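Student: Here it is, the structure in full.
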Amino acid sequence: MSDLVERFWSLRSGVSYRCKYLGHERHYQDEVVAYQASDGPRSVWLLHGHDIAVYYPRQELVVADDWGYKTNLTYSRLNAIFWRVGLSFFRMFLCGFFVYGFMRDHETDTYYLMPPGGLKIHLRTREVRHGDGDEMFLLRIPGYFFDEFEKTVRYLGKKYELTLDRILSGDIPREVERRLRRRTKEKIGLIRLLGTEIPATAAR
């Protein structure tokens, strides 16, 4: 695997073993494809045929995408690829059985919810954008606030069966808001979660 990671960053093609899964036997589980495009060279990491990582050296840009497969395999691959540039990935069970993926930029201590379409990261400026350019669905969470964010979301999911999507879009039932107002601690958590401390809105 380390050889394949080196190939990805040095723009050299390579493959791992062929898939053993029914219907995928003709494909490689992991494959790095490097080629010259009109906007310069690029390197693509394919996991079961999905481009989970793309490197554009001329633009100093990388794209990370889990393609909706929030599995241990997908996130272990993303971590293996991007650890050297200060990015890590993890998944979390929030609001019951819903699984959400997150990326952490260790240089800026900022967390990002993995949206459909993935994340586009500029390696020099550390600017992070939605992979599809849809900034409406980009959620940034400052590192100092992530623990409170997690606790608040878990509480609202467990106590009131609210999904993360509903919480972040502000779709909170009135009776839930009334209950929260009665308890200062929960109210503060909700206000901070939906307030100006998170400078963007939610994912789908």
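Chain labels follow the order of the structure tokens: the first chain is A, the next B, and so on; residue numbering restarts at 1 in every chain, and ligands are counted from 1 in their shown order.
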Would you list the contacts of Glu31 in chain A as number ranges by chain, taking every protein, DNA or RNA residue within 12 Å and counting only C-alpha atoms, but skipping same-chain residues closer than 2 positions in sequence?
Tutor: A: 1, 3-5, 7-8, 12-19, 27-29, 33-34, 43-54, 77
Student: With only C-alpha atoms as the basis for distance, which of A:Ala37, A:Met114, A:Leu61, A:Leu22 is at the shortest distance from Glu127 in chain A?
Tutor: A:Leu61
Student: From the DSSP assignment of the backbone, select every residue of range 29-177 of chain A that is alpha helix (DSSP H), and format the answer as an MDAnalysis selection string.
Tutor: chainID A and resid 72:82 143:160 164:168 174:177
Student: Using backbone DSSP assignments, extract all strand (DSSP E) residues from range 63-195 of chain A; output them as an NGL selection string.
Tutor: :A and (63-64 or 87-94 or 98-105 or 110-113 or 119-122 or 128-130 or 140-142)
Student: At a cut-off of 9 Å, using only C-alpha atoms, what residues contact Arg154 in chain A? Leave out same-chain residues fewer than 5 positions from it and give the result as a list of chain:residue names.
Tutor: A:Phe93, A:Leu94, A:Cys95, A:Gly96, A:Phe149, A:Lys159, A:Leu164
Student: Could you write those residues out with N, CA and C atoms, as a compact mmCIF listing (two decimals), in the first residue's frame?
Tutor:
# COMPACT_ATOMS: atom_id res chain seq x y z
N PHE A 93 -20.88 7.88 14.19
CA PHE A 93 -22.31 7.58 14.27
C PHE A 93 -22.97 8.69 15.06
N LEU A 94 -23.84 9.43 14.42
CA LEU A 94 -24.57 10.52 15.07
C LEU A 94 -26.06 10.32 14.83
N CYS A 95 -26.86 10.82 15.76
CA CYS A 95 -28.32 10.78 15.60
C CYS A 95 -28.80 9.36 15.34
N GLY A 96 -28.46 8.46 16.23
CA GLY A 96 -28.90 7.08 16.08
C GLY A 96 -27.93 6.29 15.22
N PHE A 149 -20.00 20.56 19.48
CA PHE A 149 -20.82 20.21 18.31
C PHE A 149 -21.26 18.75 18.39
N LYS A 159 -32.21 12.14 22.14
CA LYS A 159 -33.37 12.57 22.93
C LYS A 159 -34.59 12.86 22.06
N LEU A 164 -28.80 14.80 11.74
CA LEU A 164 -27.86 15.92 11.61
C LEU A 164 -28.32 16.90 10.54
Student: In Å, how far is it from CA of Phe90 in chain A to CA of Tyr75 in chain A?
Tutor: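 Between CA of Phe90 in chain A and CA of Tyr75 in chain A the gap works out to 6.3 Å.
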Student: Which one is closest to Thr152 in chain A: A:Leu11, A:Val128, A:Val85, A:Ile167? Count only C-alpha atoms.
Tutor: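 That would be A:Ile167, the residue with the smallest distance to Thr152 in chain A.
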Student: Name the residues in contact with Leu113 in chain A at a cut-off of 8 Å, using only C-alpha atoms, excluding same-chain residues fewer than 5 positions from it; report them as a list in words.
Tutor: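 Within the cut-off, the hits are Tyr100, Gly101, Phe102, Met103, Leu138, Leu139, Arg140 and Ala203 of chain A.
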Student: For those residues, write C-alpha atoms to a file as a compact mmCIF listing (two decimals), in the first residue's frame.
Tutor:
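After the write, selection.txt holds the following:
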# COMPACT_ATOMS: atom_id res chain seq x y z
CA TYR A 100 -21.29 10.77 8.85
CA GLY A 101 -17.78 11.29 7.54
CA PHE A 102 -15.46 14.12 8.60
CA MET A 103 -12.12 15.48 7.47
CA LEU A 138 -20.03 22.95 3.02
CA LEU A 139 -19.83 22.75 6.80
CA ARG A 140 -16.73 24.02 8.63
CA ALA A 203 -24.91 19.04 4.20
Student: Kindly give the distance, in Å, that separates CA of Arg91 in chain A and CA of Ser169 in chain A, rounded to a single decimal.
Tutor: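 Between these atoms lies a distance of 20.6 Å.
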Student: Find, counting only C-alpha atoms, the residue in A:Ala80, A:Thr125, A:Thr108, A:Arg179 that gets nearest to Tyr144 in chain A.
Tutor: A:Thr108
Student: I'd like the interatomic distance between CA of Lys151 in chain A and CA of Arg174 in chain A, to a tenth of an Å.
Tutor: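 CA of Lys151 in chain A sits 20.8 Å away from CA of Arg174 in chain A.
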